[in-house]
2 protein chains.
Amino acid sequence: MAAKTRSDQRRAEIVRAALEVIAERGYRGASLAAVAERVGLTQQGLLHHFPTKEALLVAVLEERDQWDATPSAREWRMELLASLVEYNAMRPAIVQTFSALLGESVTEDHPARGYFTRRYASVREDMARLLRAEYGERLPSGLTPEQAAPLLVAVLDGLQYQWLLDPENVDMPGAFRNFLVLLGEQGS
Amino acid sequence: MAAKTRSDQRRAEIVRAALEVIAERGYRGASLAAVAERVGLTQQGLLHHFPTKEALLVAVLEERDQWDATPSAREWRMELLASLVEYNAMRPAIVQTFSALLGESVTEDHPARGYFTRRYASVREDMARLLRAEYGERLPSGLTPEQAAPLLVAVLDGLQYQWLLDPENVDMPGAFRNFLVLLGEQGS
DNA sequence: CACCGCCTACCTGTGAAACGGTAGGTTTCG
DNA sequence: CGAAACCTACCGTTTCACAGGTAGGCGGTG
């Protein structure tokens, strides 16, 4: 599937440009004209590939889904999670895109709201599974995987905001590793 | 100071309305007309009290500063923090306002960016202070207060997003209490 | 108390820009 | 030749903001 037709290539270019513009201005602030200009198109030329602005957003979100579906279908380990954070720390643009979208998505009738709601439910499940694989039914702290999973996700997101706002003073990968210590170890 | 002149009352009304509209549409999506209508004014009438949209945002942020400055100047305890989360869980609107603003603020040239950067630096300090008062130089896990503080803040924010997106399935106060267990106790 | 002038709090009117989207023509390429 | 890719032209709406007018309360003065 997904033959590399000329059209598909163009669409991929546009989606990448949209990621950038959304990172800079958010979804509401991202104009079709700005995205179009970045790939050397007019706004109407862009609308030929994506009939509405919302269709473009959907494509962006789908791109993201394929993005972390690649690490061989949700069979991570704790170590990989830490290195994922390190990887993210080298790509502020992409982190910024989805942090901005997450923030917007809590507002009413936002077109990404359903996506994020579903996604976080699913990510929490994945994380609970991962924690169970790592620690069994009880973490060293006594929490169940289902209790710890939302905290793990919250730390990932929360650290991203602090880091995006002040990358000089917030060591995201280091902080996350500290959290893993918190999860895994009992008083030294 | 701050005599309750007619003007000050009006401004307070407007700020409250702005909080609501921002919660629903974000800052970029919040139109002056929508805020004005909510207090029974025209958009131009509103601009008499706040000369620009940005001035209104500044007033909203200042309101927030006074908001949690009231708990007797940063002398909280861990217990109070948990009950603050419970309190927030009863006021989704206000949480939504500032979660939406935080999300937007990571985009370029956002007028609230400086505010949030400063605020988070200061909140991390406050939290480190609080943790030190509670646990001394080392938490049970071995982390220093300065290492744990960003994690505490991250959990607070991250949980808010998960809860706003899916209040039925995310028990924010409960999850936060679990985090306090993680911070304070060693395996049961 | 009557009058007057002024300042505050609004209003109407207007504008320029940006927005997403439609319609329809033209080029390019297989 | 036919379809896909892209453009020009346009439209209606919404946005923040400016300009200028008006109504009403309030203080001072005769």
# chains A, B, ... in the order shown; residues from 1 in each chain; ligands from 1
>>> interface_residues(of="chain D", to="chain A", cutoff="8 Å", atoms="only C-alpha atoms (C1' of nucleotides)", output="list of chain:residue names")
D:DA5, D:DC6, D:DC7
>>> residues_around(residues="region 58-70 of chain A", least_positions_apart="5", cutoff="12 Å", atoms="only C-alpha atoms (C1' of nucleotides)", output="number ranges by chain")
A: 8, 11-23, 27, 49-53, 75-76, 81, 84, 88, 94-95, 97-98, 101-102, 110-116, 118-119, 122-123, 126
>>> interface_residues(of="chain B", to="chain A", cutoff="8 Å", atoms="only C-alpha atoms", output="count of residues only")
53
>>> residues_around(residues="DG25 (chain D)", least_positions_apart="3", cutoff="12 Å", atoms="only C-alpha atoms (C1' of nucleotides)", output="ChimeraX atom specification")
/B:6 /C:6-9
>>> closest_atom_pairs(of="chain C", to="chain A", cutoff="10 Å", atoms="only C-alpha atoms (C1' of nucleotides)", output="CSV")
residue,atom,partner,partner_atom,distance
C:DA18,C1',A:Ser31,CA,9.1
C:DC19,C1',A:Ser31,CA,7.6
C:DG20,C1',A:Lys53,CA,7.7
C:DG21,C1',A:Thr52,CA,7.9
C:DT22,C1',A:Gln44,CA,9.9
>>> residues_around(residues="DA16 (chain C)", least_positions_apart="5", cutoff="12 Å", atoms="only C-alpha atoms (C1' of nucleotides)", output="MDAnalysis selection string")
chainID D and resid 15:18
>>> write_last_selection(atoms="C-alpha atoms (C1' of nucleotides)", output="mmCIF file, in the first residue's frame")
data_model
loop_
_atom_site.group_PDB
_atom_site.id
_atom_site.type_symbol
_atom_site.label_atom_id
_atom_site.label_comp_id
_atom_site.auth_asym_id
_atom_site.auth_seq_id
_atom_site.Cartn_x
_atom_site.Cartn_y
_atom_site.Cartn_z
ATOM 1 C "C1'" DT D 15 -10.456 39.662 13.699
ATOM 2 C "C1'" DC D 16 -8.339 43.736 16.493
ATOM 3 C "C1'" DA D 17 -8.166 48.352 16.551
ATOM 4 C "C1'" DC D 18 -9.027 53.504 15.749
#
>>> closest_residue(among="D:DG12, D:DG21, D:DG2, D:DG27", to="DC10 (chain C)", atoms="only C-alpha atoms (C1' of nucleotides)")
D:DG21
